[in-house]
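The next block is entry_9.txt, given as compact mmCIF, C-alpha atoms (C1' of nucleotides).
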# COMPACT_ATOMS: atom_id res chain seq x y z
CA MET O 1 -14.20 -40.82 -151.25
CA THR O 2 -11.32 -40.12 -153.55
CA ILE O 3 -7.83 -41.30 -152.68
CA GLU O 4 -5.39 -38.43 -152.57
CA PRO O 5 -2.31 -39.18 -154.68
CA SER O 6 0.95 -37.98 -153.15
CA PRO O 7 3.03 -35.50 -155.15
CA GLU O 8 5.36 -38.39 -155.91
CA ALA O 9 2.50 -40.51 -157.23
CA ALA O 10 1.28 -37.63 -159.37
CA ILE O 11 4.65 -37.38 -161.07
CA LEU O 12 4.71 -41.14 -161.44
CA THR O 13 1.54 -40.87 -163.47
CA GLU O 14 3.26 -38.36 -165.72
CA ILE O 15 6.23 -40.70 -166.04
CA MET O 16 3.89 -43.50 -167.05
CA LEU O 17 2.38 -41.40 -169.80
CA ALA O 18 5.87 -40.37 -170.91
CA VAL O 19 6.91 -44.04 -171.05
CA PHE O 20 3.92 -44.88 -173.27
CA ARG O 21 4.70 -42.03 -175.63
CA VAL O 22 8.46 -42.59 -175.76
CA ASN O 23 7.90 -46.30 -176.30
CA GLY O 24 5.70 -45.57 -179.30
CA ARG O 25 8.14 -43.12 -180.79
CA LEU O 26 11.12 -45.43 -180.25
CA LEU O 27 9.43 -48.26 -182.10
CA GLU O 28 8.46 -45.92 -184.91
CA LYS O 29 11.96 -44.46 -185.24
CA GLY O 30 13.56 -47.86 -184.84
CA ASP O 31 11.47 -49.20 -187.70
CA GLN O 32 12.59 -46.31 -189.87
CA LEU O 33 16.21 -46.78 -188.84
CA VAL O 34 16.50 -50.42 -189.88
CA GLU O 35 14.04 -50.34 -192.74
CA PRO O 36 16.83 -50.17 -195.37
CA LEU O 37 18.23 -53.40 -193.88
CA LYS O 38 14.87 -55.14 -194.46
CA LEU O 39 14.39 -55.32 -190.70
CA THR O 40 11.84 -54.04 -188.21
CA SER O 41 12.32 -53.07 -184.57
CA ALA O 42 10.92 -56.42 -183.48
CA ARG O 43 13.21 -58.50 -185.69
CA TRP O 44 16.20 -56.36 -184.82
CA GLN O 45 15.58 -57.15 -181.16
CA VAL O 46 15.46 -60.87 -181.92
CA LEU O 47 18.74 -60.68 -183.84
CA GLY O 48 20.16 -58.80 -180.87
CA ALA O 49 19.14 -61.47 -178.41
CA VAL O 50 21.10 -64.11 -180.32
CA ALA O 51 24.01 -61.80 -181.16
CA LEU O 52 24.43 -60.74 -177.55
CA ALA O 53 24.19 -64.32 -176.30
CA GLY O 54 27.23 -65.06 -178.43
CA LYS O 55 25.96 -68.53 -179.25
CA PRO O 56 23.00 -70.11 -181.02
CA LEU O 57 19.77 -70.16 -179.02
CA SER O 58 16.54 -72.13 -179.25
CA ALA O 59 13.27 -70.28 -179.78
CA PRO O 60 12.21 -70.62 -176.12
CA GLN O 61 15.60 -69.30 -175.00
CA ILE O 62 15.19 -66.27 -177.25
CA ALA O 63 11.74 -65.67 -175.78
CA GLU O 64 13.19 -65.88 -172.29
CA ALA O 65 15.95 -63.42 -173.13
CA MET O 66 13.47 -60.97 -174.66
CA GLY O 67 10.82 -61.27 -171.99
CA ILE O 68 8.08 -62.27 -174.43
CA THR O 69 6.19 -65.53 -174.87
CA ARG O 70 7.78 -68.43 -176.66
CA GLN O 71 5.07 -68.33 -179.34
CA GLY O 72 5.69 -64.66 -180.02
CA ALA O 73 9.42 -65.26 -180.36
CA GLN O 74 8.85 -68.30 -182.57
CA LYS O 75 6.89 -66.22 -185.08
CA GLN O 76 9.72 -63.76 -185.56
CA VAL O 77 12.32 -66.51 -185.59
CA ASN O 78 10.50 -68.36 -188.34
CA LYS O 79 10.27 -65.22 -190.47
CA LEU O 80 13.93 -64.36 -189.84
CA GLU O 81 14.95 -67.82 -190.96
CA GLU O 82 12.77 -67.53 -194.08
CA ASP O 83 14.47 -64.26 -194.91
CA GLY O 84 17.98 -65.61 -194.44
CA PHE O 85 19.02 -63.92 -191.21
CA PHE O 86 18.99 -67.12 -189.15
CA GLU O 87 20.02 -70.67 -189.85
CA GLN O 88 19.19 -73.79 -187.86
CA ASN O 89 21.87 -75.72 -186.02
CA ILE O 90 21.00 -79.12 -184.65
CA ASN O 91 20.44 -79.00 -180.91
CA PRO O 92 22.32 -81.85 -179.23
CA ARG O 93 20.07 -81.42 -176.20
CA HIS O 94 16.73 -81.44 -177.97
CA GLN O 95 16.03 -82.90 -181.39
CA ARG O 96 12.78 -81.07 -182.07
CA SER O 97 14.12 -77.69 -180.98
CA PRO O 98 16.88 -76.37 -183.24
CA LEU O 99 19.35 -73.70 -182.19
CA TYR O 100 19.20 -70.57 -184.29
CA ALA O 101 22.45 -68.90 -185.34
CA LEU O 102 23.04 -65.72 -187.30
CA THR O 103 23.94 -66.26 -190.94
CA GLU O 104 26.57 -64.10 -192.63
CA GLN O 105 23.75 -61.84 -193.77
CA GLY O 106 22.34 -61.79 -190.25
CA MET O 107 25.66 -60.73 -188.76
CA ARG O 108 26.22 -58.08 -191.38
CA SER O 109 22.74 -56.64 -190.93
CA PHE O 110 22.96 -56.62 -187.16
CA ALA O 111 26.35 -54.89 -187.26
CA LYS O 112 24.94 -52.25 -189.58
CA ALA O 113 21.94 -51.79 -187.30
CA MET O 114 24.26 -51.26 -184.32
CA ASP O 115 26.20 -48.64 -186.24
CA LEU O 116 23.02 -46.85 -187.24
CA GLU O 117 21.80 -46.95 -183.67
CA ALA O 118 25.05 -45.57 -182.25
CA LEU O 119 24.92 -42.72 -184.71
CA TRP O 120 21.31 -42.00 -183.88
CA ALA O 121 21.85 -42.24 -180.12
CA ASN O 122 24.83 -39.89 -180.27
CA GLY O 123 22.62 -37.26 -181.79
CA LEU O 124 19.76 -37.92 -179.43
CA VAL O 125 21.62 -37.27 -176.18
CA ALA O 126 23.06 -33.90 -177.19
CA GLY O 127 22.68 -31.47 -174.31
CA LEU O 128 21.79 -34.05 -171.67
CA THR O 129 24.21 -34.72 -168.86
CA LEU O 130 25.61 -38.12 -168.09
CA GLN O 131 24.36 -37.72 -164.54
CA ASP O 132 20.75 -37.11 -165.59
CA LEU O 133 20.86 -40.04 -167.95
CA LYS O 134 22.16 -42.35 -165.24
CA LYS O 135 19.52 -41.13 -162.82
CA THR O 136 16.81 -41.79 -165.37
CA GLN O 137 18.10 -45.24 -166.16
CA GLN O 138 18.27 -46.09 -162.47
CA THR O 139 14.79 -44.80 -161.75
CA LEU O 140 13.28 -46.71 -164.66
CA TYR O 141 15.08 -49.83 -163.58
CA ALA O 142 13.71 -49.35 -160.06
CA PHE O 143 10.19 -49.20 -161.49
CA TYR O 144 10.81 -52.24 -163.59
CA GLN O 145 11.80 -54.21 -160.53
CA ARG O 146 8.85 -52.99 -158.50
CA LEU O 147 6.56 -53.94 -161.37
CA ASP O 148 8.05 -57.40 -161.52
CA SER O 149 5.24 -59.91 -161.77
CA PRO O 150 6.01 -62.64 -159.31
CA VAL O 151 3.70 -64.96 -161.22
CA PRO O 152 4.27 -68.26 -159.41
CA LYS O 153 5.70 -70.64 -161.97
CA LYS O 154 3.72 -73.78 -162.42
CA GLY O 155 6.01 -76.05 -160.45
CA ALA O 156 7.02 -73.49 -157.83
CA ARG O 157 6.96 -74.64 -154.24
CA SER O 158 6.64 -72.29 -151.31
CA MET B 1 34.51 -49.36 -189.28
CA THR B 2 32.38 -49.33 -186.19
CA ILE B 3 30.96 -46.08 -184.85
CA GLU B 4 32.01 -45.50 -181.28
CA PRO B 5 28.99 -44.68 -179.08
CA SER B 6 29.64 -42.01 -176.46
CA PRO B 7 29.13 -42.96 -172.80
CA GLU B 8 25.92 -40.94 -172.97
CA ALA B 9 24.69 -42.85 -175.99
CA ALA B 10 25.51 -46.15 -174.29
CA ILE B 11 23.31 -45.23 -171.34
CA LEU B 12 20.63 -44.06 -173.74
CA THR B 13 20.54 -47.54 -175.17
CA GLU B 14 19.99 -48.89 -171.67
CA ILE B 15 17.23 -46.34 -171.15
CA MET B 16 15.58 -47.49 -174.37
CA LEU B 17 15.58 -51.08 -173.23
CA ALA B 18 14.23 -49.99 -169.84
CA VAL B 19 11.43 -48.06 -171.56
CA PHE B 20 10.44 -51.14 -173.56
CA ARG B 21 10.36 -53.30 -170.46
CA VAL B 22 8.59 -50.80 -168.23
CA ASN B 23 6.04 -50.15 -170.97
CA GLY B 24 5.23 -53.84 -171.18
CA ARG B 25 4.91 -54.20 -167.43
CA LEU B 26 2.76 -51.08 -167.09
CA LEU B 27 0.28 -52.35 -169.66
CA GLU B 28 0.19 -55.74 -167.98
CA LYS B 29 -0.32 -54.29 -164.51
CA GLY B 30 -2.79 -51.72 -165.81
CA ASP B 31 -4.87 -54.47 -167.38
CA GLN B 32 -4.90 -56.33 -164.07
CA LEU B 33 -5.79 -53.16 -162.18
CA VAL B 34 -8.92 -52.30 -164.16
CA GLU B 35 -9.96 -55.83 -165.03
CA PRO B 36 -12.64 -55.87 -162.27
CA LEU B 37 -14.16 -52.78 -163.91
CA LYS B 38 -14.47 -54.64 -167.22
CA LEU B 39 -11.85 -52.35 -168.69
CA THR B 40 -8.42 -52.76 -170.26
CA SER B 41 -5.47 -50.36 -170.24
CA ALA B 42 -6.36 -49.26 -173.76
CA ARG B 43 -10.01 -48.53 -173.02
CA TRP B 44 -9.11 -46.84 -169.76
CA GLN B 45 -6.89 -44.46 -171.69
CA VAL B 46 -9.74 -43.66 -174.08
CA LEU B 47 -12.09 -42.93 -171.20
CA GLY B 48 -9.36 -40.74 -169.75
CA ALA B 49 -9.01 -38.72 -172.93
CA VAL B 50 -12.69 -37.77 -172.85
CA ALA B 51 -12.84 -37.35 -169.07
CA LEU B 52 -9.84 -35.03 -169.05
CA ALA B 53 -11.17 -33.01 -171.99
CA GLY B 54 -14.18 -32.23 -169.83
CA LYS B 55 -16.50 -32.29 -172.81
CA PRO B 56 -17.67 -34.78 -175.44
CA LEU B 57 -15.17 -35.49 -178.22
CA SER B 58 -15.44 -36.95 -181.70
CA ALA B 59 -13.47 -40.08 -182.54
CA PRO B 60 -10.78 -38.17 -184.49
CA GLN B 61 -10.40 -35.75 -181.58
CA ILE B 62 -9.88 -38.65 -179.19
CA ALA B 63 -7.26 -40.08 -181.55
CA GLU B 64 -5.52 -36.72 -181.65
CA ALA B 65 -5.50 -36.46 -177.86
CA MET B 66 -4.11 -39.98 -177.49
CA GLY B 67 -1.54 -39.75 -180.24
CA ILE B 68 -2.90 -42.75 -182.14
CA THR B 69 -4.60 -43.03 -185.50
CA ARG B 70 -8.24 -42.18 -185.91
CA GLN B 71 -9.02 -45.76 -186.94
CA GLY B 72 -7.38 -47.16 -183.84
CA ALA B 73 -9.33 -44.80 -181.61
CA GLN B 74 -12.57 -45.53 -183.47
CA LYS B 75 -12.26 -49.24 -182.72
CA GLN B 76 -12.02 -48.68 -178.98
CA VAL B 77 -14.72 -46.02 -179.04
CA ASN B 78 -17.15 -48.35 -180.79
CA LYS B 79 -16.52 -51.08 -178.24
CA LEU B 80 -16.82 -48.67 -175.33
CA GLU B 81 -20.16 -47.49 -176.68
CA GLU B 82 -21.34 -51.08 -177.11
CA ASP B 83 -20.42 -51.77 -173.51
CA GLY B 84 -22.22 -48.71 -172.17
CA PHE B 85 -19.28 -46.51 -171.19
CA PHE B 86 -19.90 -43.95 -173.92
CA GLU B 87 -23.01 -42.45 -175.44
CA GLN B 88 -23.34 -40.49 -178.67
CA ASN B 89 -24.27 -36.83 -178.66
CA ILE B 90 -25.16 -35.18 -181.93
CA ASN B 91 -22.33 -33.05 -183.24
CA PRO B 92 -23.67 -29.69 -184.36
CA ARG B 93 -20.54 -29.22 -186.45
CA HIS B 94 -20.57 -32.54 -188.26
CA GLN B 95 -23.59 -34.76 -188.75
CA ARG B 96 -21.74 -37.97 -189.57
CA SER B 97 -19.32 -37.64 -186.67
CA PRO B 98 -21.00 -37.88 -183.26
CA LEU B 99 -19.46 -36.58 -180.05
CA TYR B 100 -18.84 -39.25 -177.46
CA ALA B 101 -19.66 -38.51 -173.83
CA LEU B 102 -19.18 -40.64 -170.73
CA THR B 103 -22.34 -42.32 -169.49
CA GLU B 104 -23.08 -42.60 -165.77
CA GLN B 105 -21.41 -46.01 -165.85
CA GLY B 106 -18.47 -44.55 -167.75
CA MET B 107 -17.96 -41.83 -165.16
CA ARG B 108 -18.27 -44.24 -162.26
CA SER B 109 -15.80 -46.69 -163.80
CA PHE B 110 -13.29 -44.01 -164.66
CA ALA B 111 -13.46 -42.57 -161.14
CA LYS B 112 -12.86 -46.03 -159.69
CA ALA B 113 -9.94 -46.58 -162.06
CA MET B 114 -8.40 -43.29 -160.92
CA ASP B 115 -8.73 -44.33 -157.30
CA LEU B 116 -7.14 -47.69 -157.99
CA GLU B 117 -4.34 -46.02 -159.86
CA ALA B 118 -3.63 -43.51 -157.10
CA LEU B 119 -3.45 -46.34 -154.58
CA TRP B 120 -1.14 -48.33 -156.81
CA ALA B 121 1.07 -45.37 -157.65
CA ASN B 122 1.42 -44.43 -153.98
CA GLY B 123 2.84 -47.85 -153.29
CA LEU B 124 5.06 -47.83 -156.34
CA VAL B 125 7.03 -44.67 -155.52
CA ALA B 126 7.96 -45.70 -151.99
CA GLY B 127 11.60 -44.88 -151.40
CA LEU B 128 12.07 -42.70 -154.45
CA THR B 129 12.72 -39.01 -154.03
CA LEU B 130 10.58 -36.34 -155.59
CA GLN B 131 13.71 -34.91 -157.14
CA ASP B 132 14.68 -38.11 -158.91
CA LEU B 133 11.15 -38.57 -160.16
CA LYS B 134 11.07 -35.06 -161.58
CA LYS B 135 14.43 -35.56 -163.23
CA THR B 136 13.24 -38.75 -164.83
CA GLN B 137 10.05 -37.19 -166.07
CA GLN B 138 11.97 -34.27 -167.53
CA THR B 139 14.51 -36.49 -169.24
CA LEU B 140 11.84 -38.71 -170.76
CA TYR B 141 9.97 -35.67 -171.94
CA ALA B 142 13.16 -34.35 -173.51
CA PHE B 143 13.52 -37.61 -175.43
CA TYR B 144 9.94 -37.50 -176.48
CA GLN B 145 10.42 -34.08 -177.98
CA ARG B 146 13.65 -35.05 -179.71
CA LEU B 147 11.89 -38.08 -181.13
CA ASP B 148 9.07 -35.94 -182.43
CA SER B 149 8.31 -37.01 -185.96
CA PRO B 150 8.21 -33.87 -188.01
CA VAL B 151 6.20 -35.77 -190.59
CA PRO B 152 5.23 -32.96 -192.94
CA LYS B 153 1.47 -32.78 -192.90
CA LYS B 154 -0.09 -33.11 -196.28
CA GLY B 155 -0.80 -29.43 -196.75
CA ALA B 156 2.42 -28.18 -195.13
CA ARG B 157 4.40 -25.56 -197.01
CA SER B 158 8.12 -24.99 -196.60
C1' DC H 1 -23.75 -22.58 -207.14
C1' DA H 2 -20.39 -25.92 -208.39
C1' DC H 3 -16.43 -28.27 -207.90
C1' DA H 4 -12.27 -29.66 -205.65
C1' DA H 5 -10.23 -30.93 -201.43
C1' DC H 6 -10.68 -32.58 -196.96
C1' DT H 7 -12.86 -35.26 -193.18
C1' DT H 8 -15.06 -39.08 -191.50
C1' DG H 9 -16.75 -43.98 -190.59
C1' DA H 10 -16.54 -48.57 -192.14
C1' DC H 11 -13.82 -52.23 -193.65
C1' DA H 12 -9.88 -55.12 -194.82
C1' DA H 13 -5.24 -56.53 -194.37
C1' DC H 14 -1.25 -56.15 -191.94
C1' DT H 15 2.50 -56.22 -187.62
C1' DA H 16 3.37 -57.75 -183.07
C1' DG H 17 2.17 -59.44 -179.40
C1' DT H 18 -1.08 -62.53 -176.32
C1' DT H 19 -3.68 -66.99 -174.73
C1' DT H 20 -5.26 -71.52 -175.56
C1' DC H 21 -5.14 -75.94 -177.51
C1' DC H 22 -3.01 -79.98 -179.71
C1' DA H 23 0.35 -83.53 -180.89
C1' DA H 24 4.88 -85.06 -180.63
C1' DT H 25 9.19 -85.36 -178.38
C1' DA H 26 12.10 -85.21 -174.11
C1' DA H 27 13.06 -85.87 -169.30
C1' DT H 28 12.15 -87.80 -164.85
C1' DG H 29 11.43 -90.97 -161.15
C1' DG H 30 9.37 -95.13 -159.30
C1' DC A 1 11.64 -99.78 -168.33
C1' DC A 2 7.73 -97.57 -168.42
C1' DA A 3 4.36 -94.00 -167.15
C1' DT A 4 3.83 -89.49 -166.12
C1' DT A 5 5.17 -84.75 -166.65
C1' DA A 6 7.44 -80.96 -169.09
C1' DT A 7 8.94 -78.90 -173.28
C1' DT A 8 8.37 -77.77 -177.82
C1' DG A 9 6.42 -76.33 -182.50
C1' DG A 10 2.29 -75.32 -184.84
C1' DA A 11 -2.10 -73.37 -185.42
C1' DA A 12 -6.09 -70.59 -184.22
C1' DA A 13 -8.36 -66.78 -182.09
C1' DC A 14 -7.75 -62.78 -179.68
C1' DT A 15 -6.10 -57.48 -178.29
C1' DA A 16 -4.23 -53.30 -179.93
C1' DG A 17 -2.35 -50.92 -182.90
C1' DT A 18 -0.97 -49.72 -188.06
C1' DT A 19 -1.81 -48.54 -193.30
C1' DG A 20 -4.76 -48.24 -197.15
C1' DT A 21 -9.21 -47.91 -199.64
C1' DC A 22 -13.83 -46.54 -200.33
C1' DA A 23 -18.03 -43.87 -200.19
C1' DA A 24 -20.41 -40.27 -198.19
C1' DG A 25 -20.64 -35.90 -195.98
C1' DT A 26 -18.37 -31.28 -195.18
C1' DT A 27 -15.81 -27.16 -196.34
C1' DG A 28 -13.64 -23.67 -199.01
C1' DT A 29 -13.08 -21.12 -203.20
C1' DG A 30 -13.76 -19.37 -207.65

Written as structure tokens, that's how I'd like the structure from this file.
Amino acid sequence: MTIEPSPEAAILTEIMLAVFRVNGRLLEKGDQLVEPLKLTSARWQVLGAVALAGKPLSAPQIAEAMGITRQGAQKQVNKLEEDGFFEQNINPRHQRSPLYALTEQGMRSFAKAMDLEALWANGLVAGLTLQDLKKTQQTLYAFYQRLDSPVPKKGARS
Amino acid sequence: MTIEPSPEAAILTEIMLAVFRVNGRLLEKGDQLVEPLKLTSARWQVLGAVALAGKPLSAPQIAEAMGITRQGAQKQVNKLEEDGFFEQNINPRHQRSPLYALTEQGMRSFAKAMDLEALWANGLVAGLTLQDLKKTQQTLYAFYQRLDSPVPKKGARS
DNA sequence: CACAACTTGACAACTAGTTTCCAATAATGG
DNA sequence: CCATTATTGGAAACTAGTTGTCAAGTTGTG
């Protein structure tokens, strides 16, 4: 017997497909946008995590902020340091785990990326109402919360 | 000088971040959902492309339907054939390029995946109105279209 | 028919993430 | 103070996609 999806669930399926497609396009366009800055979408996001924190972060902290694994973040961080966007500060709280700060080049590139993004976004929303945009943001956020994986952390007690 | 993002563009940025996060969670949850069927989100989508077409498709046709490259689709197709979800039909229009059809197992697994998804989706939309869901779907679709890469196809004339 | 252009599958190398494992360094608490 | 536990970086192998190349088969046109 087949389960009958409600009309709401049917539209949810369409939203899911739309999220997959928009996600792909955003990464593609984002890569194009910051390509002249010698950045990719992924590295831009890492720069953003540190820039928005307003202070140097360790690799695991960056991973936490980005919602990816610490190993995934570390890879990007290492490359960003190699390419001169990050520099290591000593971490008074952990000798093996340096804090990564934006270099001059890193700050300049991130600022340029933000400008490019603002320009791009301004063009992208033409003809859409603020109300619709807010609704969409709220609905997506609601899904995000419902999808939250309550993976019990190792030490968690009930 | 910094470009001033409009209020609309500022919310768009939030929507972008929400899309990234929801995308990640959907793939994660989707993998969990179809794991007992020996499927992944990616392979499920490939099965879906052929199932929804209602007829056997070649690898490039599957890629086209999914919006990924033909090589990416081919990889999944080959694995799905290895694992008994697909079988090759001869393609009367192209000898080197077989048409892939769902096997009995493929059809059974896809039907089960659809049931699981309907069940999951029904739970996920609780408390959201049909109107908001439609609005969100429309807005995302609008973005998708605006983000459409008009990459001039090789033979395209202006 | 012949030749050029396109399509296709196979393969390799790459990005970006994941999981798993190890070894070394912290942190904790008995 | 010392032993256990947690955190961290590094490396390897994996998923899932990308681009690029190659050779072989297909198609269109003169």

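Between atom CA of Leu99 of chain B and atom CA of Pro56 of chain B the separation is 5.3 Å.
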
Please report as JSON lines every residue of chain B lying within 10 Å of chain A, along with the nearest atom pair and their distance in Å (one decimal), using all atoms listed in the file.
{"residue": "B:Thr40", "atom": "CA", "partner": "A:DT15", "partner_atom": "C1'", "distance": 9.6}
{"residue": "B:Ala42", "atom": "CA", "partner": "A:DA16", "partner_atom": "C1'", "distance": 7.7}
{"residue": "B:Ile68", "atom": "CA", "partner": "A:DG17", "partner_atom": "C1'", "distance": 8.2}
{"residue": "B:Thr69", "atom": "CA", "partner": "A:DT18", "partner_atom": "C1'", "distance": 8.0}
{"residue": "B:Gln71", "atom": "CA", "partner": "A:DT18", "partner_atom": "C1'", "distance": 9.0}
{"residue": "B:Gly72", "atom": "CA", "partner": "A:DG17", "partner_atom": "C1'", "distance": 6.3}
{"residue": "B:Ala73", "atom": "CA", "partner": "A:DG17", "partner_atom": "C1'", "distance": 9.4}
{"residue": "B:Lys75", "atom": "CA", "partner": "A:DA16", "partner_atom": "C1'", "distance": 9.4}
{"residue": "B:Gln76", "atom": "CA", "partner": "A:DA16", "partner_atom": "C1'", "distance": 9.1}
{"residue": "B:Arg93", "atom": "CA", "partner": "A:DT26", "partner_atom": "C1'", "distance": 9.2}
{"residue": "B:His94", "atom": "CA", "partner": "A:DT26", "partner_atom": "C1'", "distance": 7.4}
{"residue": "B:Gln95", "atom": "CA", "partner": "A:DG25", "partner_atom": "C1'", "distance": 7.9}
{"residue": "B:Arg96", "atom": "CA", "partner": "A:DG25", "partner_atom": "C1'", "distance": 6.8}
{"residue": "B:Ser97", "atom": "CA", "partner": "A:DG25", "partner_atom": "C1'", "distance": 9.6}

Tell me as a PyMOL selection string which residues belonging to chain O come within 6 Å of chain B, counting all atoms listed in the file. chain O and resi 3+5+8-9+15+22+115+118+121-122+130+136-137+144

Closest pair table for chain H residues within 12 Å of chain B, all atoms listed in the file, as CSV:
residue,atom,partner,partner_atom,distance
H:DA5,C1',B:Gly155,CA,10.6
H:DC6,C1',B:Gly155,CA,10.4
H:DT7,C1',B:Pro60,CA,9.4
H:DT8,C1',B:Ser97,CA,6.6
H:DG9,C1',B:Arg96,CA,7.9
H:DA10,C1',B:Gln71,CA,9.6
H:DC11,C1',B:Gln71,CA,10.5
H:DG17,C1',B:Gly24,CA,10.4
H:DT18,C1',B:Glu28,CA,10.8

One-decimal distance in Å that lies between atom CA of Ser58 of chain O and atom CA of Pro98 of chain O: 5.8 Å

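The coordinates place atom CA of Glu35 of chain B at 27.4 Å from atom CA of Asn89 of chain B.
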
Which protein, DNA or RNA residues are at most 12 Å from (26.7, -69.7, -178.4) in the file's coordinates when you count all atoms listed in the file, listed as a ChimeraX atom specification? /O:49-58,61,89,91,99-102

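Each of O:Leu47, O:Val77, O:Glu64, O:Asp31 was compared to Gly106 of chain O using all atoms listed in the file, and O:Leu47 turns out to be the nearest.
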
Any chance you could model N, CA and C atoms for segment 35-55 of chain O and send them as a PDB file, keeping the file's coordinate frame?
ATOM      1  N   GLU O  35      14.836 -50.000-191.572  1.00  0.00           N
ATOM      2  CA  GLU O  35      14.040 -50.340-192.740  1.00  0.00           C
ATOM      3  C   GLU O  35      14.912 -50.650-193.963  1.00  0.00           C
ATOM      4  N   PRO O  36      15.982 -49.853-194.216  1.00  0.00           N
ATOM      5  CA  PRO O  36      16.830 -50.170-195.370  1.00  0.00           C
ATOM      6  C   PRO O  36      17.527 -51.526-195.257  1.00  0.00           C
ATOM      7  N   LEU O  37      17.600 -52.077-194.060  1.00  0.00           N
ATOM      8  CA  LEU O  37      18.230 -53.400-193.880  1.00  0.00           C
ATOM      9  C   LEU O  37      17.200 -54.522-193.991  1.00  0.00           C
ATOM     10  N   LYS O  38      15.973 -54.170-194.373  1.00  0.00           N
ATOM     11  CA  LYS O  38      14.870 -55.140-194.460  1.00  0.00           C
ATOM     12  C   LYS O  38      14.574 -55.746-193.087  1.00  0.00           C
ATOM     13  N   LEU O  39      14.702 -54.890-192.061  1.00  0.00           N
ATOM     14  CA  LEU O  39      14.390 -55.320-190.700  1.00  0.00           C
ATOM     15  C   LEU O  39      13.302 -54.430-190.114  1.00  0.00           C
ATOM     16  N   THR O  40      12.739 -54.873-189.004  1.00  0.00           N
ATOM     17  CA  THR O  40      11.840 -54.040-188.210  1.00  0.00           C
ATOM     18  C   THR O  40      12.416 -53.997-186.793  1.00  0.00           C
ATOM     19  N   SER O  41      11.869 -53.142-185.949  1.00  0.00           N
ATOM     20  CA  SER O  41      12.320 -53.070-184.570  1.00  0.00           C
ATOM     21  C   SER O  41      12.246 -54.445-183.910  1.00  0.00           C
ATOM     22  N   ALA O  42      11.137 -55.119-184.130  1.00  0.00           N
ATOM     23  CA  ALA O  42      10.920 -56.420-183.480  1.00  0.00           C
ATOM     24  C   ALA O  42      11.977 -57.431-183.902  1.00  0.00           C
ATOM     25  N   ARG O  43      12.249 -57.509-185.203  1.00  0.00           N
ATOM     26  CA  ARG O  43      13.210 -58.500-185.690  1.00  0.00           C
ATOM     27  C   ARG O  43      14.623 -58.129-185.280  1.00  0.00           C
ATOM     28  N   TRP O  44      14.894 -56.857-185.253  1.00  0.00           N
ATOM     29  CA  TRP O  44      16.200 -56.360-184.820  1.00  0.00           C
ATOM     30  C   TRP O  44      16.449 -56.818-183.382  1.00  0.00           C
ATOM     31  N   GLN O  45      15.433 -56.725-182.551  1.00  0.00           N
ATOM     32  CA  GLN O  45      15.580 -57.150-181.160  1.00  0.00           C
ATOM     33  C   GLN O  45      15.865 -58.643-181.057  1.00  0.00           C
ATOM     34  N   VAL O  46      15.231 -59.426-181.934  1.00  0.00           N
ATOM     35  CA  VAL O  46      15.460 -60.870-181.920  1.00  0.00           C
ATOM     36  C   VAL O  46      16.899 -61.166-182.342  1.00  0.00           C
ATOM     37  N   LEU O  47      17.348 -60.512-183.418  1.00  0.00           N
ATOM     38  CA  LEU O  47      18.740 -60.680-183.840  1.00  0.00           C
ATOM     39  C   LEU O  47      19.673 -60.331-182.679  1.00  0.00           C
ATOM     40  N   GLY O  48      19.334 -59.243-181.985  1.00  0.00           N
ATOM     41  CA  GLY O  48      20.160 -58.800-180.870  1.00  0.00           C
ATOM     42  C   GLY O  48      20.246 -59.819-179.755  1.00  0.00           C
ATOM     43  N   ALA O  49      19.139 -60.469-179.481  1.00  0.00           N
ATOM     44  CA  ALA O  49      19.140 -61.470-178.410  1.00  0.00           C
ATOM     45  C   ALA O  49      20.140 -62.577-178.708  1.00  0.00           C
ATOM     46  N   VAL O  50      20.177 -63.035-179.952  1.00  0.00           N
ATOM     47  CA  VAL O  50      21.100 -64.110-180.320  1.00  0.00           C
ATOM     48  C   VAL O  50      22.528 -63.574-180.419  1.00  0.00           C
ATOM     49  N   ALA O  51      22.674 -62.384-181.019  1.00  0.00           N
ATOM     50  CA  ALA O  51      24.010 -61.800-181.160  1.00  0.00           C
ATOM     51  C   ALA O  51      24.658 -61.575-179.796  1.00  0.00           C
ATOM     52  N   LEU O  52      23.876 -61.034-178.860  1.00  0.00           N
ATOM     53  CA  LEU O  52      24.430 -60.740-177.550  1.00  0.00           C
ATOM     54  C   LEU O  52      24.708 -62.007-176.740  1.00  0.00           C
ATOM     55  N   ALA O  53      23.942 -63.058-176.998  1.00  0.00           N
ATOM     56  CA  ALA O  53      24.190 -64.320-176.300  1.00  0.00           C
ATOM     57  C   ALA O  53      25.542 -64.899-176.726  1.00  0.00           C
ATOM     58  N   GLY O  54      25.944 -64.592-177.956  1.00  0.00           N
ATOM     59  CA  GLY O  54      27.230 -65.060-178.430  1.00  0.00           C
ATOM     60  C   GLY O  54      27.247 -66.524-178.837  1.00  0.00           C
ATOM     61  N   LYS O  55      26.059 -67.127-178.835  1.00  0.00           N
ATOM     62  CA  LYS O  55      25.960 -68.530-179.250  1.00  0.00           C
ATOM     63  C   LYS O  55      24.539 -68.780-179.730  1.00  0.00           C
TER      64      LYS O  55
END
